[in-house]
$ cat input.csv   # CSV, C-alpha atoms and all ligand atoms
chain,number,residue,atom,x,y,z
A,1,MET,CA,89.5,78.9,77.9
A,2,ILE,CA,89.1,82.6,77.9
A,3,LYS,CA,85.5,83.4,77.2
A,4,LYS,CA,83.9,86.8,76.8
A,5,HIS,CA,81.2,87.4,79.4
A,6,LEU,CA,79.0,90.5,79.4
A,7,GLU,CA,77.5,91.5,82.7
A,8,GLU,CA,74.4,93.7,82.6
A,9,LYS,CA,75.2,95.6,85.8
A,10,LEU,CA,78.1,98.0,86.0
A,11,PRO,CA,79.9,97.6,89.4
A,12,GLU,CA,79.7,100.7,91.6
A,13,PHE,CA,83.4,100.4,91.9
A,14,LEU,CA,83.6,101.8,88.4
A,15,TYR,CA,81.4,104.7,89.0
A,16,ASN,CA,82.7,108.2,88.8
A,17,PHE,CA,84.0,108.9,92.3
A,18,ASP,CA,82.7,112.5,92.4
A,19,THR,CA,79.2,111.9,91.1
A,20,ASN,CA,78.7,108.3,92.3
A,21,ALA,CA,77.2,107.5,89.0
A,22,PRO,CA,78.6,106.0,85.8
A,23,PHE,CA,81.0,108.0,83.7
A,24,THR,CA,79.2,110.0,81.0
A,25,HIS,CA,81.9,111.5,78.7
A,26,CYS,CA,85.2,110.6,77.1
A,27,ILE,CA,88.1,112.4,78.7
A,28,MET,CA,89.6,113.2,75.3
A,29,CYS,CA,86.9,113.9,72.8
A,30,ASN,CA,84.3,114.7,75.4
A,31,GLU,CA,81.6,112.8,73.5
A,32,ASP,CA,78.8,111.0,75.2
A,33,LEU,CA,79.9,107.5,76.1
A,34,ASN,CA,76.5,106.2,75.5
A,35,SER,CA,76.9,107.0,71.8
A,36,LYS,CA,80.1,104.9,71.7
A,37,GLU,CA,80.2,101.1,71.1
A,38,ALA,CA,82.8,100.6,73.8
A,39,TYR,CA,84.9,102.5,76.2
A,40,ALA,CA,87.5,101.9,78.9
A,41,ILE,CA,87.7,103.1,82.5
A,42,GLU,CA,90.9,103.4,84.5
A,43,LYS,CA,91.4,104.3,88.2
A,44,VAL,CA,94.7,104.8,89.9
A,45,PHE,CA,94.9,104.3,93.7
A,46,LYS,CA,97.5,105.1,96.3
A,47,GLN,CA,97.6,103.3,99.6
A,48,HIS,CA,99.1,104.4,102.8
A,49,LYS,CA,100.4,102.0,105.5
A,50,GLY,CA,98.0,101.6,108.3
A,51,ILE,CA,95.1,103.2,106.5
A,52,ALA,CA,92.6,100.7,105.3
A,53,LYS,CA,91.0,102.7,102.6
A,54,PRO,CA,92.9,103.3,99.4
A,55,GLU,CA,92.9,106.8,98.1
A,56,ILE,CA,91.9,107.5,94.5
A,57,VAL,CA,94.5,109.6,92.7
A,58,TYR,CA,92.8,110.0,89.3
A,59,GLU,CA,90.2,108.2,87.1
A,60,TYR,CA,88.8,108.6,83.7
A,61,ALA,CA,86.8,107.0,80.9
A,62,ILE,CA,88.0,107.0,77.3
A,63,CYS,CA,86.2,105.9,74.2
A,64,MET,CA,87.9,103.2,72.1
A,65,ASP,CA,88.6,105.6,69.2
A,66,CYS,CA,90.6,107.9,71.4
A,67,ALA,CA,92.3,105.0,73.1
A,68,SER,CA,93.6,103.7,69.8
A,69,GLY,CA,94.7,107.2,69.0
A,70,VAL,CA,96.8,107.1,72.2
A,71,GLN,CA,98.2,103.8,71.2
A,72,ASP,CA,99.5,105.4,67.9
A,73,GLU,CA,101.6,107.7,70.1
A,74,ILE,CA,103.6,104.9,71.5
A,75,SER,CA,107.0,104.5,69.8
A,76,GLU,CA,107.6,101.3,67.9
A,77,GLU,CA,110.6,100.6,70.1
A,78,SER,CA,108.5,100.9,73.3
A,79,MET,CA,105.8,98.6,71.8
A,80,GLU,CA,108.3,96.0,71.0
A,81,SER,CA,109.8,96.0,74.5
A,82,LEU,CA,106.4,96.0,76.1
A,83,LYS,CA,105.3,93.0,74.0
A,84,ASN,CA,108.3,91.1,75.3
A,85,LEU,CA,107.5,92.0,78.9
A,86,TYR,CA,103.9,90.9,78.5
A,87,GLU,CA,105.0,87.6,77.0
A,88,GLU,CA,107.2,87.0,80.0
A,89,TYR,CA,104.2,87.3,82.3
A,90,SER,CA,101.6,85.9,80.0
A,91,LEU,CA,101.5,82.4,81.5
A,92,ASN,CA,100.7,83.9,84.9
A,93,MET,CA,98.1,86.0,83.4
A,94,LEU,CA,96.4,83.2,81.4
A,95,MET,CA,96.3,80.9,84.4
A,96,LYS,CA,94.5,83.5,86.4
A,97,LEU,CA,92.1,84.3,83.5
A,98,GLU,CA,91.3,80.7,82.9
A,99,TYR,CA,90.5,80.1,86.6
A,100,LEU,CA,88.3,83.2,86.7
A,101,HIS,CA,86.3,82.1,83.6
A,102,GLU,CA,86.1,78.5,84.6
A,103,THR,CA,84.7,79.3,88.0
A,104,GLU,CA,82.6,82.0,86.5
A,105,LYS,CA,83.7,84.6,89.0
A,106,TYR,CA,82.2,87.5,87.1
A,107,ASN,CA,82.6,90.1,89.8
A,108,ILE,CA,85.2,92.8,89.8
A,109,GLU,CA,86.5,92.0,93.3
A,110,SER,CA,87.7,88.6,92.2
A,111,TRP,CA,89.5,90.1,89.2
A,112,THR,CA,91.2,92.8,91.2
A,113,GLU,CA,92.5,91.1,94.3
A,114,ARG,CA,95.9,90.6,92.7
A,115,CYS,CA,97.9,92.1,89.9
A,116,SER,CA,96.9,90.5,86.6
A,117,PHE,CA,100.6,90.1,85.7
A,118,THR,CA,102.7,89.4,88.8
A,119,GLY,CA,100.0,88.1,91.2
A,120,LYS,CA,101.0,90.6,93.8
A,121,GLU,CA,98.1,91.3,96.1
A,122,LEU,CA,96.8,94.8,95.6
A,123,ARG,CA,96.3,95.4,99.3
A,124,ASN,CA,100.1,95.1,99.6
A,125,CYS,CA,100.8,97.7,96.9
A,126,SER,CA,101.6,101.3,97.6
A,127,GLU,CA,100.0,102.1,94.2
A,128,TYR,CA,97.9,100.2,91.8
A,129,SER,CA,95.5,100.7,88.9
A,130,VAL,CA,92.4,99.0,87.7
A,131,SER,CA,91.0,99.2,84.3
A,132,ALA,CA,87.8,97.8,82.7
A,133,ILE,CA,86.0,97.8,79.4
A,134,ILE,CA,82.4,98.6,78.9
A,135,GLU,CA,80.6,97.4,75.7
A,136,GLY,CA,77.1,98.5,74.8
A,137,GLY,CA,76.7,99.6,78.4
A,138,LYS,CA,77.7,96.2,79.8
A,139,MET,CA,80.7,95.2,81.8
A,140,VAL,CA,83.1,93.0,79.8
A,141,TYR,CA,84.9,90.1,81.5
A,142,GLU,CA,87.5,88.8,79.0
A,143,HIS,CA,91.1,89.8,79.4
A,144,ALA,CA,90.0,92.8,81.3
A,145,PRO,CA,89.3,93.9,83.9
A,146,LEU,CA,92.9,94.3,84.7
A,147,ALA,CA,94.8,95.1,87.9
A,148,VAL,CA,98.3,96.5,87.6
A,149,SER,CA,100.5,96.5,90.7
A,150,ASP,CA,103.2,99.1,91.4
A,151,GLU,CA,105.7,96.2,90.9
A,152,PHE,CA,104.5,95.5,87.3
A,153,MET,CA,104.1,99.2,86.5
A,154,GLU,CA,107.7,99.8,87.4
A,155,LEU,CA,108.7,97.2,84.8
A,156,VAL,CA,106.4,98.8,82.2
A,157,GLN,CA,108.0,102.2,82.9
A,158,GLU,CA,111.5,100.7,82.3
A,159,GLN,CA,110.4,99.4,78.9
A,160,MET,CA,109.1,102.7,77.7
A,161,SER,CA,111.2,105.0,75.6
A,162,LYS,CA,111.7,108.6,76.9
A,163,LYS,CA,109.4,109.8,74.2
A,164,THR,CA,106.6,107.5,75.2
A,165,ARG,CA,107.1,108.3,78.9
A,166,ASP,CA,106.9,112.0,78.1
A,167,TYR,CA,103.8,111.5,76.1
A,168,PHE,CA,102.1,109.8,79.1
A,169,ASP,CA,103.3,112.5,81.5
A,170,GLY,CA,101.7,115.0,79.2
A,171,PHE,CA,98.5,113.0,79.2
A,172,LYS,CA,98.5,113.1,83.0
A,173,ASP,CA,99.3,116.9,83.1
A,174,ASN,CA,96.6,117.7,80.5
A,175,PHE,CA,93.7,115.9,82.1
A,176,PHE,CA,94.4,115.7,85.8
A,177,ASP,CA,95.1,118.4,88.2
A,178,LEU,CA,97.5,116.5,90.4
A,179,PRO,CA,99.1,118.1,93.4
A,180,PRO,CA,102.9,118.2,93.1
A,181,GLU,CA,103.5,115.6,95.9
A,182,ILE,CA,101.9,112.9,93.8
A,183,LYS,CA,103.3,114.0,90.5
A,184,ASN,CA,105.9,111.2,90.6
A,185,LEU,CA,103.5,108.3,90.8
A,186,ILE,CA,104.7,105.0,89.5
A,187,ASN,CA,101.4,104.1,88.0
A,188,GLY,CA,100.8,106.2,84.9
A,189,PRO,CA,97.8,105.8,82.5
A,190,THR,CA,97.9,102.4,80.9
A,191,VAL,CA,95.5,103.3,78.1
A,192,GLY,CA,97.0,101.9,74.9
A,193,ILE,CA,99.9,100.1,76.5
A,194,ILE,CA,98.1,97.2,78.2
A,201,ZN,ZN,86.9,109.8,72.9
$ encode --input "input.csv" --output "structure tokens" --more "lines below"
Ligand SMILES: [Zn+2]
Amino acid sequence: MIKKHLEEKLPEFLYNFDTNAPFTHCIMCNEDLNSKEAYAIEKVFKQHKGIAKPEIVYEYAICMDCASGVQDEISEESMESLKNLYEEYSLNMLMKLEYLHETEKYNIESWTERCSFTGKELRNCSEYSVSAIIEGGKMVYEHAPLAVSDEFMELVQEQMSKKTRDYFDGFKDNFFDLPPEIKNLINGPTVGII
């Protein structure tokens, strides 16, 4: 059964990379995250062959109000295809979630060893993203935290309409100052789509 478990302590993995402290503001509305009931954090990583430590490409925190605003931007057509894609992988995902809840593995490492959807090990991905939800200052273990492999993100990209893809490219350009050589990342922001 998928339970909802709240963990008091925020894993350091989810801290802001630059400040080494928890995120303080929503990337979109810039409001104080402590004034929000819930918010999400996403981090996108790139991995190079032969280098043990993954490189963080970008990261952000977004309040749930803004996240649902993003969701409204996704075309109906994209939503429908994405829903079908998730259904295809839902058995995989549910088995993983049930195992994690049953064994009470409430630590982010256990949840992010492998892609939540395909099961591909993140250490074998050239790119991946991790997202988590924080509620009342506590870390939520329910369906999230989620790990998304390059493999699954490619499938997600295929299901999105051009309009939706353009919207997410705009989101990236607006909020992150990415050098041109990593502009064509596979892993885009997953806020609102996963
Ligand atoms: Zn916000």
$ atom_distance --input "input.csv" --atom1 "CA of Ser78 (chain A)" --atom2 "CA of Glu127 (chain A)"
22.6 Å
$ atom_distance --input "input.csv" --atom1 "CA of Leu33 (chain A)" --atom2 "CA of Val140 (chain A)"
15.3 Å
$ residues_near_ligand --input "input.csv" --ligand "ligand ZN 201 (chain A)" --cutoff "10 Å" --atoms "only C-alpha atoms and all ligand atoms" --output "PyMOL selection string"
chain A and resi 25-33+36+39-40+61-69
$ residues_near_point --input "input.csv" --point "(94.0, 93.3, 90.7)" --cutoff "9 Å" --atoms "all atoms listed in the file" --output "mmCIF file with C-alpha atoms, in the coordinates of the input"
data_model
loop_
_atom_site.group_PDB
_atom_site.id
_atom_site.type_symbol
_atom_site.label_atom_id
_atom_site.label_comp_id
_atom_site.auth_asym_id
_atom_site.auth_seq_id
_atom_site.Cartn_x
_atom_site.Cartn_y
_atom_site.Cartn_z
ATOM 1 C CA ILE A 108 85.200 92.800 89.800
ATOM 2 C CA GLU A 109 86.500 92.000 93.300
ATOM 3 C CA SER A 110 87.700 88.600 92.200
ATOM 4 C CA TRP A 111 89.500 90.100 89.200
ATOM 5 C CA THR A 112 91.200 92.800 91.200
ATOM 6 C CA GLU A 113 92.500 91.100 94.300
ATOM 7 C CA ARG A 114 95.900 90.600 92.700
ATOM 8 C CA CYS A 115 97.900 92.100 89.900
ATOM 9 C CA SER A 116 96.900 90.500 86.600
ATOM 10 C CA PHE A 117 100.600 90.100 85.700
ATOM 11 C CA GLY A 119 100.000 88.100 91.200
ATOM 12 C CA LYS A 120 101.000 90.600 93.800
ATOM 13 C CA GLU A 121 98.100 91.300 96.100
ATOM 14 C CA LEU A 122 96.800 94.800 95.600
ATOM 15 C CA TYR A 128 97.900 100.200 91.800
ATOM 16 C CA SER A 129 95.500 100.700 88.900
ATOM 17 C CA VAL A 130 92.400 99.000 87.700
ATOM 18 C CA PRO A 145 89.300 93.900 83.900
ATOM 19 C CA LEU A 146 92.900 94.300 84.700
ATOM 20 C CA ALA A 147 94.800 95.100 87.900
ATOM 21 C CA VAL A 148 98.300 96.500 87.600
ATOM 22 C CA SER A 149 100.500 96.500 90.700
#
$ atom_distance --input "input.csv" --atom1 "CA of Lys172 (chain A)" --atom2 "CA of Asn187 (chain A)"
10.7 Å
$ residues_around --input "input.csv" --residues "Val191 (chain A)" --least-positions-apart "4" --cutoff "8 Å" --atoms "all atoms listed in the file" --output "JSON, numbers by chain"
{"A": [42, 67, 70, 71]}
$ residues_around --input "input.csv" --residues "region 50-54 of chain A" --least-positions-apart "4" --cutoff "9 Å" --atoms "all atoms listed in the file" --output "list in words"
Phe45, Lys46, Arg123 and Glu127 of chain A
$ closest_residue --input "input.csv" --among "A:Phe168, A:Tyr99, A:Tyr106, A:Tyr15" --to "Gly188 (chain A)" --atoms "only C-alpha atoms"
A:Phe168
$ closest_residue --input "input.csv" --among "A:Leu10, A:Val156, A:Leu178, A:Ile2" --to "Glu104 (chain A)" --atoms "only C-alpha atoms"
A:Ile2
$ residues_around --input "input.csv" --residues "Glu142 (chain A)" --least-positions-apart "2" --cutoff "12 Å" --atoms "all atoms listed in the file" --output "VMD selection string"
chain A and resid 1 to 7 93 to 94 96 to 102 104 to 108 111 132 to 135 139 to 140 144 to 146
$ residues_around --input "input.csv" --residues "Leu14 (chain A)" --least-positions-apart "6" --cutoff "9 Å" --atoms "all atoms listed in the file" --output "short mmCIF file (atom, residue, chain, number, x, y, z; two decimals) with C-alpha atoms, in the coordinates of the input"
data_model
loop_
_atom_site.label_atom_id
_atom_site.label_comp_id
_atom_site.auth_asym_id
_atom_site.auth_seq_id
_atom_site.Cartn_x
_atom_site.Cartn_y
_atom_site.Cartn_z
CA ALA A 21 77.20 107.50 89.00
CA PRO A 22 78.60 106.00 85.80
CA PHE A 23 81.00 108.00 83.70
CA ILE A 41 87.70 103.10 82.50
CA GLU A 42 90.90 103.40 84.50
CA LYS A 43 91.40 104.30 88.20
CA SER A 131 91.00 99.20 84.30
CA ALA A 132 87.80 97.80 82.70
#
$ residues_around --input "input.csv" --residues "Glu158 (chain A)" --least-positions-apart "6" --cutoff "12 Å" --atoms "only C-alpha atoms" --output "list in words"
Ser78, Ser81, Leu82, Leu85, Glu151, Phe152, Thr164, Arg165 and Ile186 of chain A
$ closest_residue --input "input.csv" --among "A:Asp177, A:Ile194, A:Asn124, A:Val44" --to "Ser90 (chain A)" --atoms "only C-alpha atoms"
A:Ile194
$ closest_residue --input "input.csv" --among "A:Thr19, A:Ser126, A:Asn34, A:Thr118" --to "Glu88 (chain A)" --atoms "all atoms listed in the file"
A:Thr118
$ closest_residue --input "input.csv" --among "A:Ser75, A:Gln47, A:Thr190, A:Gln157" --to "Phe171 (chain A)" --atoms "all atoms listed in the file"
A:Thr190
$ closest_residue --input "input.csv" --among "A:Asn16, A:Asp169, A:Asn84, A:Tyr58" --to "Leu155 (chain A)" --atoms "all atoms listed in the file"
A:Asn84
